[in-house]
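Asker: Following this line is coords-v6.cif, made up of mmCIF, C-alpha atoms and all ligand atoms; chains and numbers go by the auth columns:
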data_input
loop_
_atom_site.group_PDB
_atom_site.id
_atom_site.type_symbol
_atom_site.label_atom_id
_atom_site.label_comp_id
_atom_site.label_asym_id
_atom_site.label_seq_id
_atom_site.Cartn_x
_atom_site.Cartn_y
_atom_site.Cartn_z
_atom_site.B_iso_or_equiv
_atom_site.auth_seq_id
_atom_site.auth_asym_id
ATOM 1 C CA MET A 1 4.089 -174.781 -70.644 0.00 1 A
ATOM 2 C CA LEU A 2 6.908 -172.284 -70.251 0.00 2 A
ATOM 3 C CA ILE A 3 10.046 -172.945 -68.209 0.00 3 A
ATOM 4 C CA VAL A 4 12.180 -169.839 -67.684 0.00 4 A
ATOM 5 C CA GLY A 5 15.920 -170.045 -67.102 0.00 5 A
ATOM 6 C CA ILE A 6 17.564 -167.171 -65.257 0.00 6 A
ATOM 7 C CA GLY A 7 21.318 -166.928 -64.834 0.00 7 A
ATOM 8 C CA GLY A 8 24.741 -166.781 -66.354 0.00 8 A
ATOM 9 C CA THR A 9 27.300 -164.020 -65.982 0.00 9 A
ATOM 10 C CA THR A 10 28.807 -161.257 -68.112 0.00 10 A
ATOM 11 C CA ASN A 11 31.566 -163.684 -69.088 0.00 11 A
ATOM 12 C CA GLN A 12 31.498 -164.411 -72.846 0.00 12 A
ATOM 13 C CA SER A 13 32.253 -168.069 -72.170 0.00 13 A
ATOM 14 C CA SER A 14 30.169 -168.285 -69.024 0.00 14 A
ATOM 15 C CA SER A 15 29.958 -171.779 -67.514 0.00 15 A
ATOM 16 C CA SER A 16 26.786 -170.980 -65.577 0.00 16 A
ATOM 17 C CA ASP A 17 25.253 -169.817 -68.872 0.00 17 A
ATOM 18 C CA ALA A 18 26.343 -173.058 -70.574 0.00 18 A
ATOM 19 C CA ALA A 19 24.964 -175.150 -67.710 0.00 19 A
ATOM 20 C CA LEU A 20 21.631 -173.347 -67.932 0.00 20 A
ATOM 21 C CA ARG A 21 21.455 -173.763 -71.720 0.00 21 A
ATOM 22 C CA LEU A 22 22.051 -177.477 -71.337 0.00 22 A
ATOM 23 C CA ALA A 23 19.242 -177.730 -68.787 0.00 23 A
ATOM 24 C CA LEU A 24 16.892 -175.725 -71.027 0.00 24 A
ATOM 25 C CA ASP A 25 17.720 -177.998 -73.983 0.00 25 A
ATOM 26 C CA GLU A 26 16.472 -180.854 -71.834 0.00 26 A
ATOM 27 C CA VAL A 27 13.323 -178.861 -71.000 0.00 27 A
ATOM 28 C CA GLU A 28 12.624 -178.565 -74.738 0.00 28 A
ATOM 29 C CA SER A 29 13.383 -182.199 -75.399 0.00 29 A
ATOM 30 C CA GLN A 30 10.696 -183.025 -72.843 0.00 30 A
ATOM 31 C CA GLY A 31 8.138 -181.043 -74.831 0.00 31 A
ATOM 32 C CA ALA A 32 8.009 -177.834 -72.790 0.00 32 A
ATOM 33 C CA GLN A 33 8.866 -174.344 -74.013 0.00 33 A
ATOM 34 C CA ALA A 34 12.079 -172.786 -72.703 0.00 34 A
ATOM 35 C CA LEU A 35 13.047 -169.131 -72.388 0.00 35 A
ATOM 36 C CA MET A 36 16.475 -168.027 -71.242 0.00 36 A
ATOM 37 C CA VAL A 37 17.101 -164.748 -69.442 0.00 37 A
ATOM 38 C CA SER A 38 20.888 -164.617 -69.546 0.00 38 A
ATOM 39 C CA GLY A 39 23.678 -162.385 -68.311 0.00 39 A
ATOM 40 C CA ASP A 40 23.327 -160.161 -71.391 0.00 40 A
ATOM 41 C CA LEU A 41 19.979 -158.962 -70.039 0.00 41 A
ATOM 42 C CA LEU A 42 20.737 -159.246 -66.325 0.00 42 A
ATOM 43 C CA LYS A 43 23.788 -156.965 -66.572 0.00 43 A
ATOM 44 C CA ASN A 44 21.611 -154.139 -67.888 0.00 44 A
ATOM 45 C CA LEU A 45 19.067 -154.236 -65.077 0.00 45 A
ATOM 46 C CA PRO A 46 19.148 -151.165 -62.853 0.00 46 A
ATOM 47 C CA MET A 47 19.506 -151.848 -59.139 0.00 47 A
ATOM 48 C CA TYR A 48 16.067 -153.007 -58.012 0.00 48 A
ATOM 49 C CA ASP A 49 14.263 -150.072 -56.429 0.00 49 A
ATOM 50 C CA PRO A 50 11.009 -150.852 -54.586 0.00 50 A
ATOM 51 C CA VAL A 51 10.294 -147.141 -54.180 0.00 51 A
ATOM 52 C CA ASN A 52 10.562 -146.181 -57.852 0.00 52 A
ATOM 53 C CA PRO A 53 7.887 -147.988 -59.944 0.00 53 A
ATOM 54 C CA GLU A 54 9.543 -147.161 -63.293 0.00 54 A
ATOM 55 C CA ARG A 55 10.873 -150.242 -65.030 0.00 55 A
ATOM 56 C CA THR A 56 13.264 -150.441 -67.987 0.00 56 A
ATOM 57 C CA PRO A 57 12.424 -152.638 -71.017 0.00 57 A
ATOM 58 C CA GLU A 58 14.896 -155.255 -69.721 0.00 58 A
ATOM 59 C CA ALA A 59 13.233 -155.246 -66.309 0.00 59 A
ATOM 60 C CA LEU A 60 9.779 -155.586 -67.881 0.00 60 A
ATOM 61 C CA GLU A 61 11.048 -158.520 -69.964 0.00 61 A
ATOM 62 C CA LEU A 62 12.341 -160.292 -66.868 0.00 62 A
ATOM 63 C CA ILE A 63 9.189 -159.606 -64.847 0.00 63 A
ATOM 64 C CA ALA A 64 6.950 -160.840 -67.704 0.00 64 A
ATOM 65 C CA ALA A 65 9.022 -164.012 -68.054 0.00 65 A
ATOM 66 C CA MET A 66 8.762 -164.768 -64.327 0.00 66 A
ATOM 67 C CA ARG A 67 5.026 -164.028 -64.402 0.00 67 A
ATOM 68 C CA GLU A 68 4.344 -166.330 -67.370 0.00 68 A
ATOM 69 C CA ALA A 69 6.528 -169.185 -66.159 0.00 69 A
ATOM 70 C CA SER A 70 5.193 -172.547 -65.049 0.00 70 A
ATOM 71 C CA GLY A 71 8.631 -173.394 -63.712 0.00 71 A
ATOM 72 C CA ILE A 72 11.997 -171.717 -63.279 0.00 72 A
ATOM 73 C CA ILE A 73 15.613 -172.849 -63.398 0.00 73 A
ATOM 74 C CA ILE A 74 18.212 -170.572 -61.824 0.00 74 A
ATOM 75 C CA SER A 75 21.894 -170.957 -62.630 0.00 75 A
ATOM 76 C CA ALA A 76 24.273 -169.067 -60.362 0.00 76 A
ATOM 77 C CA ALA A 77 28.008 -168.532 -60.561 0.00 77 A
ATOM 78 C CA SER A 78 29.532 -168.439 -57.080 0.00 78 A
ATOM 79 C CA TYR A 79 31.018 -165.060 -56.268 0.00 79 A
ATOM 80 C CA HIS A 80 32.826 -164.991 -52.916 0.00 80 A
ATOM 81 C CA GLY A 81 30.962 -167.978 -51.623 0.00 81 A
ATOM 82 C CA SER A 82 27.453 -166.999 -52.677 0.00 82 A
ATOM 83 C CA ILE A 83 25.369 -165.907 -55.667 0.00 83 A
ATOM 84 C CA SER A 84 26.569 -162.906 -57.651 0.00 84 A
ATOM 85 C CA GLY A 85 25.116 -159.466 -56.951 0.00 85 A
ATOM 86 C CA MET A 86 23.896 -159.336 -60.549 0.00 86 A
ATOM 87 C CA LEU A 87 21.760 -162.450 -60.129 0.00 87 A
ATOM 88 C CA LYS A 88 20.484 -161.404 -56.702 0.00 88 A
ATOM 89 C CA ASN A 89 19.451 -158.062 -58.149 0.00 89 A
ATOM 90 C CA ALA A 90 17.505 -159.880 -60.895 0.00 90 A
ATOM 91 C CA LEU A 91 15.747 -162.104 -58.367 0.00 91 A
ATOM 92 C CA ASP A 92 14.815 -159.045 -56.306 0.00 92 A
ATOM 93 C CA TYR A 93 12.608 -158.029 -59.259 0.00 93 A
ATOM 94 C CA ALA A 94 10.297 -160.907 -58.206 0.00 94 A
ATOM 95 C CA GLU A 95 9.071 -158.401 -55.624 0.00 95 A
ATOM 96 C CA ASP A 96 7.006 -156.914 -58.469 0.00 96 A
ATOM 97 C CA LEU A 97 4.975 -160.172 -58.429 0.00 97 A
ATOM 98 C CA ALA A 98 4.115 -159.786 -54.729 0.00 98 A
ATOM 99 C CA LEU A 99 0.543 -158.622 -55.344 0.00 99 A
ATOM 100 C CA ASP A 100 -0.189 -160.997 -58.233 0.00 100 A
ATOM 101 C CA GLU A 101 -2.930 -163.594 -57.781 0.00 101 A
ATOM 102 C CA ARG A 102 -0.004 -166.042 -57.857 0.00 102 A
ATOM 103 C CA ALA A 103 2.326 -164.180 -55.512 0.00 103 A
ATOM 104 C CA TYR A 104 6.064 -164.423 -56.256 0.00 104 A
ATOM 105 C CA PHE A 105 6.911 -168.025 -57.304 0.00 105 A
ATOM 106 C CA SER A 106 3.953 -169.627 -55.486 0.00 106 A
ATOM 107 C CA GLY A 107 3.093 -173.083 -56.776 0.00 107 A
ATOM 108 C CA MET A 108 6.108 -173.149 -59.082 0.00 108 A
ATOM 109 C CA PRO A 109 8.938 -175.668 -59.114 0.00 109 A
ATOM 110 C CA VAL A 110 12.336 -173.996 -59.154 0.00 110 A
ATOM 111 C CA GLY A 111 15.494 -175.900 -60.049 0.00 111 A
ATOM 112 C CA SER A 112 18.870 -174.641 -58.876 0.00 112 A
ATOM 113 C CA ILE A 113 22.307 -174.881 -60.458 0.00 113 A
ATOM 114 C CA ALA A 114 25.459 -173.543 -58.796 0.00 114 A
ATOM 115 C CA VAL A 115 28.772 -173.188 -60.641 0.00 115 A
ATOM 116 C CA ALA A 116 32.088 -172.426 -58.900 0.00 116 A
ATOM 117 C CA LYS A 117 35.797 -173.091 -58.947 0.00 117 A
ATOM 118 C CA GLY A 118 35.459 -175.093 -55.763 0.00 118 A
ATOM 119 C CA TYR A 119 32.952 -177.435 -54.130 0.00 119 A
ATOM 120 C CA GLN A 120 32.665 -175.343 -50.942 0.00 120 A
ATOM 121 C CA ALA A 121 31.392 -172.242 -52.765 0.00 121 A
ATOM 122 C CA ALA A 122 29.201 -174.307 -55.088 0.00 122 A
ATOM 123 C CA VAL A 123 27.422 -176.075 -52.230 0.00 123 A
ATOM 124 C CA ASN A 124 26.991 -172.841 -50.291 0.00 124 A
ATOM 125 C CA THR A 125 25.613 -171.100 -53.370 0.00 125 A
ATOM 126 C CA LEU A 126 23.167 -173.926 -54.010 0.00 126 A
ATOM 127 C CA ALA A 127 21.909 -173.658 -50.425 0.00 127 A
ATOM 128 C CA THR A 128 21.573 -169.880 -50.782 0.00 128 A
ATOM 129 C CA LEU A 129 19.550 -170.265 -53.974 0.00 129 A
ATOM 130 C CA ARG A 130 17.162 -172.617 -52.213 0.00 130 A
ATOM 131 C CA ILE A 131 16.730 -170.199 -49.301 0.00 131 A
ATOM 132 C CA ILE A 132 15.867 -167.435 -51.786 0.00 132 A
ATOM 133 C CA VAL A 133 13.405 -169.719 -53.606 0.00 133 A
ATOM 134 C CA HIS A 134 11.715 -170.573 -50.301 0.00 134 A
ATOM 135 C CA SER A 135 11.484 -166.857 -49.503 0.00 135 A
ATOM 136 C CA LEU A 136 9.768 -166.357 -52.851 0.00 136 A
ATOM 137 C CA ARG A 137 7.325 -169.168 -51.996 0.00 137 A
ATOM 138 C CA GLY A 138 8.693 -171.348 -54.776 0.00 138 A
ATOM 139 C CA TRP A 139 9.210 -175.089 -54.524 0.00 139 A
ATOM 140 C CA PRO A 140 12.910 -176.001 -54.782 0.00 140 A
ATOM 141 C CA THR A 141 13.198 -179.262 -56.692 0.00 141 A
ATOM 142 C CA PRO A 142 14.619 -182.249 -54.801 0.00 142 A
ATOM 143 C CA TYR A 143 17.739 -182.365 -56.951 0.00 143 A
ATOM 144 C CA GLY A 144 20.053 -179.381 -57.243 0.00 144 A
ATOM 145 C CA CYS A 145 23.138 -179.471 -59.434 0.00 145 A
ATOM 146 C CA ILE A 146 26.594 -178.185 -58.528 0.00 146 A
ATOM 147 C CA VAL A 147 29.353 -177.770 -61.104 0.00 147 A
ATOM 148 C CA ASN A 148 33.026 -177.439 -60.161 0.00 148 A
ATOM 149 C CA THR A 149 34.695 -175.814 -63.153 0.00 149 A
ATOM 150 C CA SER A 150 38.240 -176.046 -61.781 0.00 150 A
ATOM 151 C CA SER A 151 38.377 -179.774 -61.275 0.00 151 A
ATOM 152 C CA THR A 152 40.237 -181.650 -63.958 0.00 152 A
ATOM 153 C CA GLU A 153 39.210 -185.054 -62.729 0.00 153 A
ATOM 154 C CA GLN A 154 37.299 -187.143 -65.213 0.00 154 A
ATOM 155 C CA GLY A 155 33.566 -186.730 -64.888 0.00 155 A
ATOM 156 C CA THR A 156 33.683 -183.203 -63.427 0.00 156 A
ATOM 157 C CA GLY A 157 33.034 -179.724 -64.882 0.00 157 A
ATOM 158 C CA ILE A 158 30.118 -179.025 -67.238 0.00 158 A
ATOM 159 C CA ALA A 159 30.729 -182.236 -69.195 0.00 159 A
ATOM 160 C CA GLY A 160 30.570 -184.302 -66.028 0.00 160 A
ATOM 161 C CA ALA A 161 27.472 -182.501 -64.783 0.00 161 A
ATOM 162 C CA GLN A 162 25.324 -183.162 -67.853 0.00 162 A
ATOM 163 C CA GLU A 163 23.282 -185.880 -66.219 0.00 163 A
ATOM 164 C CA GLY A 164 22.647 -183.737 -63.144 0.00 164 A
ATOM 165 C CA LEU A 165 21.690 -180.713 -65.241 0.00 165 A
ATOM 166 C CA ARG A 166 19.216 -182.833 -67.198 0.00 166 A
ATOM 167 C CA LEU A 167 17.790 -184.167 -63.942 0.00 167 A
ATOM 168 C CA VAL A 168 17.181 -180.628 -62.651 0.00 168 A
ATOM 169 C CA ALA A 169 15.349 -179.806 -65.901 0.00 169 A
ATOM 170 C CA SER A 170 13.405 -183.036 -65.832 0.00 170 A
ATOM 171 C CA GLU A 171 12.209 -182.496 -62.260 0.00 171 A
ATOM 172 C CA VAL A 172 11.098 -178.935 -63.035 0.00 172 A
ATOM 173 C CA VAL A 173 9.075 -180.059 -66.081 0.00 173 A
ATOM 174 C CA HIS A 174 7.621 -183.039 -64.222 0.00 174 A
ATOM 175 C CA LEU A 175 6.553 -180.968 -61.207 0.00 175 A
ATOM 176 C CA ALA A 176 5.215 -178.110 -63.355 0.00 176 A
ATOM 177 C CA ARG A 177 2.998 -180.627 -65.165 0.00 177 A
ATOM 178 C CA ALA A 178 1.890 -182.145 -61.864 0.00 178 A
ATOM 179 C CA PHE A 179 1.014 -178.708 -60.437 0.00 179 A
ATOM 180 C CA GLU A 180 -0.952 -177.789 -63.579 0.00 180 A
ATOM 181 C CA THR A 181 -2.874 -181.068 -63.493 0.00 181 A
ATOM 182 C CA HIS A 182 -3.664 -180.487 -59.831 0.00 182 A
ATOM 183 C CA ALA A 183 -4.878 -176.927 -60.538 0.00 183 A
ATOM 184 C CA THR A 184 -7.120 -178.196 -63.351 0.00 184 A
ATOM 185 C CA ILE A 185 -8.673 -180.829 -61.076 0.00 185 A
ATOM 186 C CA VAL A 186 -9.266 -178.293 -58.285 0.00 186 A
ATOM 187 C CA ALA A 187 -10.829 -175.829 -60.781 0.00 187 A
ATOM 188 C CA SER A 188 -13.147 -178.515 -62.172 0.00 188 A
ATOM 189 C CA GLN A 189 -14.377 -179.341 -58.666 0.00 189 A
ATOM 190 C CA SER A 190 -15.250 -175.774 -57.707 0.00 190 A
HETATM 191 C C1 LIG B . 34.182 -161.982 -58.426 0.00 201 B
HETATM 192 C C2 LIG B . 34.358 -163.467 -58.406 0.00 201 B
HETATM 193 C C3 LIG B . 34.310 -164.153 -57.226 0.00 201 B
HETATM 194 C C4 LIG B . 34.458 -165.538 -57.189 0.00 201 B
HETATM 195 N N1 LIG B . 34.409 -166.180 -56.004 0.00 201 B
HETATM 196 C C5 LIG B . 34.545 -167.530 -55.960 0.00 201 B
HETATM 197 C C6 LIG B . 34.486 -168.227 -54.736 0.00 201 B
HETATM 198 O O1 LIG B . 34.340 -167.653 -53.662 0.00 201 B
HETATM 199 N N2 LIG B . 34.639 -169.572 -54.753 0.00 201 B
HETATM 200 C C7 LIG B . 34.801 -170.270 -55.915 0.00 201 B
HETATM 201 O O2 LIG B . 34.888 -171.486 -55.879 0.00 201 B
HETATM 202 N N3 LIG B . 34.818 -169.627 -57.105 0.00 201 B
HETATM 203 C C8 LIG B . 34.700 -168.275 -57.151 0.00 201 B
HETATM 204 N N4 LIG B . 34.764 -167.618 -58.339 0.00 201 B
HETATM 205 C C9 LIG B . 34.898 -168.411 -59.568 0.00 201 B
HETATM 206 C C10 LIG B . 33.589 -168.565 -60.285 0.00 201 B
HETATM 207 O O3 LIG B . 32.568 -169.052 -59.447 0.00 201 B
HETATM 208 C C11 LIG B . 33.759 -169.548 -61.441 0.00 201 B
HETATM 209 O O4 LIG B . 34.817 -169.108 -62.282 0.00 201 B
HETATM 210 C C12 LIG B . 32.490 -169.668 -62.251 0.00 201 B
HETATM 211 O O5 LIG B . 32.698 -170.668 -63.209 0.00 201 B
HETATM 212 C C13 LIG B . 32.147 -168.361 -62.938 0.00 201 B
HETATM 213 O O6 LIG B . 30.959 -168.532 -63.663 0.00 201 B
HETATM 214 P P1 LIG B . 30.881 -168.127 -65.186 0.00 201 B
HETATM 215 O O7 LIG B . 31.831 -169.049 -65.931 0.00 201 B
HETATM 216 O O8 LIG B . 29.451 -168.382 -65.533 0.00 201 B
HETATM 217 O O9 LIG B . 31.292 -166.690 -65.327 0.00 201 B
HETATM 218 C C14 LIG B . 34.644 -166.244 -58.403 0.00 201 B
HETATM 219 C C15 LIG B . 34.698 -165.539 -59.601 0.00 201 B
HETATM 220 C C16 LIG B . 34.545 -164.172 -59.612 0.00 201 B
HETATM 221 C C17 LIG B . 34.602 -163.437 -60.949 0.00 201 B
#
What is this structure when it is put down as structure tokens?
Answerer:
Amino acid sequence: MLIVGIGGTTNQSSSSDAALRLALDEVESQGAQALMVSGDLLKNLPMYDPVNPERTPEALELIAAMREASGIIISAASYHGSISGMLKNALDYAEDLALDERAYFSGMPVGSIAVAKGYQAAVNTLATLRIIVHSLRGWPTPYGCIVNTSSTEQGTGIAGAQEGLRLVASEVVHLARAFETHATIVASQS
């Protein structure tokens, strides 16, 4: 079972990247395979063009990862109150899955992580991610994790969000297994 993480920024010490890595570590500790598509790849994606079918190697890598995934975790940095243009552009590549037998993110659990310097942007970004996941026919997990990187209070920031990040990962793995079991049962009955 493959869980694909998509997110991070171009920042060398990206918090949204670190949050996603932590979640994917939990995915692996629960016995699933994890693949991270980070800012290093996302920054090299051309602007998604539905009219031009040519795809760069980076775009093909992202599309293949989304196609092979049993579950997805998206980690977004808040830019001006919402997800960054770079991440939105990457998610627009899901349009290339529209005509697949499993269209877009159908039947897939998708966990969301939002990282910002303030709670307002983080919460708004989390809500935006879930709207995008719904649009892609994915199943947003019940728990979504927000990380406020500016707060200096004890128990905040990435360190304070560890439990929540693990919970996002855990729900994605759990639901992906449940969906696969369900599909196996349905296939055996037909
Ligand atoms: C262009 C830009 C816009 C941002 N806009 C907001 C914002 O509206 N609200 C907020 O709380 N933080 C905002 N931030 C702060 C980032 O969300 C925060 O630093 C986050 O940790 C960046 O993620 P990264 O560490 O993965 O690069 C912005 C940062 C950038 C670079």
Asker: What is the distance, in Å and to one decimal place, between CA of Ser14 in chain A and CA of Glu61 in chain A?
Answerer: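 Result for CA of Ser14 in chain A versus CA of Glu61 in chain A: 21.5 Å, one decimal.
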Asker: Range 32-42 of chain A: which residues within 6 Å, counting only C-alpha atoms, same-chain residues fewer than 4 positions away excluded, as a PyMOL selection string?
Answerer: chain A and resi 1-10+24+27-28
Asker: Translate the PyMOL selection byres (((not hetatm)) within 9 of (chain B and resi 201)) into a concrete residue list for this structure, as a PyMOL selection string.
Answerer: chain A and resi 7-19+39+75-84+114-122+147-150
Asker: For a cut-off of 9 Å around (19.9, -176.3, -65.6), file coordinates, pick out all residues using all atoms listed in the file and list them as a ChimeraX atom specification.
Answerer: /A:5,16,18-27,73-75,111-113,144-145,164-169
Asker: Output C-alpha atoms for every residue in the selection just made, as a PDB file, in the frame of the given file.
Answerer:
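Below you can see again-v7.pdb, which holds the result:
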ATOM      1  CA  GLY A   5      15.920-170.045 -67.102  1.00  0.00           C
ATOM      2  CA  SER A  16      26.786-170.980 -65.577  1.00  0.00           C
ATOM      3  CA  ALA A  18      26.343-173.058 -70.574  1.00  0.00           C
ATOM      4  CA  ALA A  19      24.964-175.150 -67.710  1.00  0.00           C
ATOM      5  CA  LEU A  20      21.631-173.347 -67.932  1.00  0.00           C
ATOM      6  CA  ARG A  21      21.455-173.763 -71.720  1.00  0.00           C
ATOM      7  CA  LEU A  22      22.051-177.477 -71.337  1.00  0.00           C
ATOM      8  CA  ALA A  23      19.242-177.730 -68.787  1.00  0.00           C
ATOM      9  CA  LEU A  24      16.892-175.725 -71.027  1.00  0.00           C
ATOM     10  CA  ASP A  25      17.720-177.998 -73.983  1.00  0.00           C
ATOM     11  CA  GLU A  26      16.472-180.854 -71.834  1.00  0.00           C
ATOM     12  CA  VAL A  27      13.323-178.861 -71.000  1.00  0.00           C
ATOM     13  CA  ILE A  73      15.613-172.849 -63.398  1.00  0.00           C
ATOM     14  CA  ILE A  74      18.212-170.572 -61.824  1.00  0.00           C
ATOM     15  CA  SER A  75      21.894-170.957 -62.630  1.00  0.00           C
ATOM     16  CA  GLY A 111      15.494-175.900 -60.049  1.00  0.00           C
ATOM     17  CA  SER A 112      18.870-174.641 -58.876  1.00  0.00           C
ATOM     18  CA  ILE A 113      22.307-174.881 -60.458  1.00  0.00           C
ATOM     19  CA  GLY A 144      20.053-179.381 -57.243  1.00  0.00           C
ATOM     20  CA  CYS A 145      23.138-179.471 -59.434  1.00  0.00           C
ATOM     21  CA  GLY A 164      22.647-183.737 -63.144  1.00  0.00           C
ATOM     22  CA  LEU A 165      21.690-180.713 -65.241  1.00  0.00           C
ATOM     23  CA  ARG A 166      19.216-182.833 -67.198  1.00  0.00           C
ATOM     24  CA  LEU A 167      17.790-184.167 -63.942  1.00  0.00           C
ATOM     25  CA  VAL A 168      17.181-180.628 -62.651  1.00  0.00           C
ATOM     26  CA  ALA A 169      15.349-179.806 -65.901  1.00  0.00           C
TER      27      ALA A 169
END
Asker: Here's the selection I'm unsure about, the PyMOL selection byres (((chain A and resi 138) around 7) and not hetatm); applied to the file above, which residues does it give, as a VMD selection string?
Answerer: chain A and resid 105 to 110 133 to 134 136 to 137 139 to 140
Asker: Evaluated on this file, the PyMOL selection byres (((chain A and resi 67) around 10) and not hetatm) picks out some residues - which ones are they, written as an MDAnalysis selection string?
Answerer: chainID A and resid 4 61:66 68:70 94 96:97 100 102:105
Asker: Which one is closest to Leu45 in chain A: A:Gly71, A:Gly155, A:Gly31, A:Gly85? Count all atoms listed in the file.
Answerer: A:Gly85
Asker: Around all the atoms of range 123-127 of chain A listed in the file, with 4 Å of room on each side, what axis-aligned box do you get, giving centre and edge lengths in Å to one decimal, as lines of an AutoDock Vina configuration file?
Answerer:
center_x = 24.7
center_y = -173.6
center_z = -52.2
size_x = 13.5
size_y = 13.0
size_z = 11.7
Asker: Which is closer to Met47 in chain A than all the others in A:Ser190, A:His174, A:Asn89, A:His182, using all atoms listed in the file?
Answerer: A:Asn89
Asker: To one decimal place in Å, what is the distance between CA of Ile72 in chain A and CA of Thr156 in chain A?
Answerer: 24.5 Å
Asker: When you draw a straight line from CA of Ser29 in chain A to CA of Thr181 in chain A, how long is it in Å?
Answerer: 20.2 Å
Asker: Looking at only C-alpha atoms, which of A:Thr141, A:Ser151, A:Asn52, A:Gln162 is the one that sits closest to Leu175 in chain A?
Answerer: A:Thr141
Asker: Using all atoms listed in the file, which of A:Ala183, A:Ile146, A:Ala161, A:Leu87 sits nearest Ala127 in chain A?
Answerer: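 Closest residue, counting all atoms listed in the file: A:Ile146.
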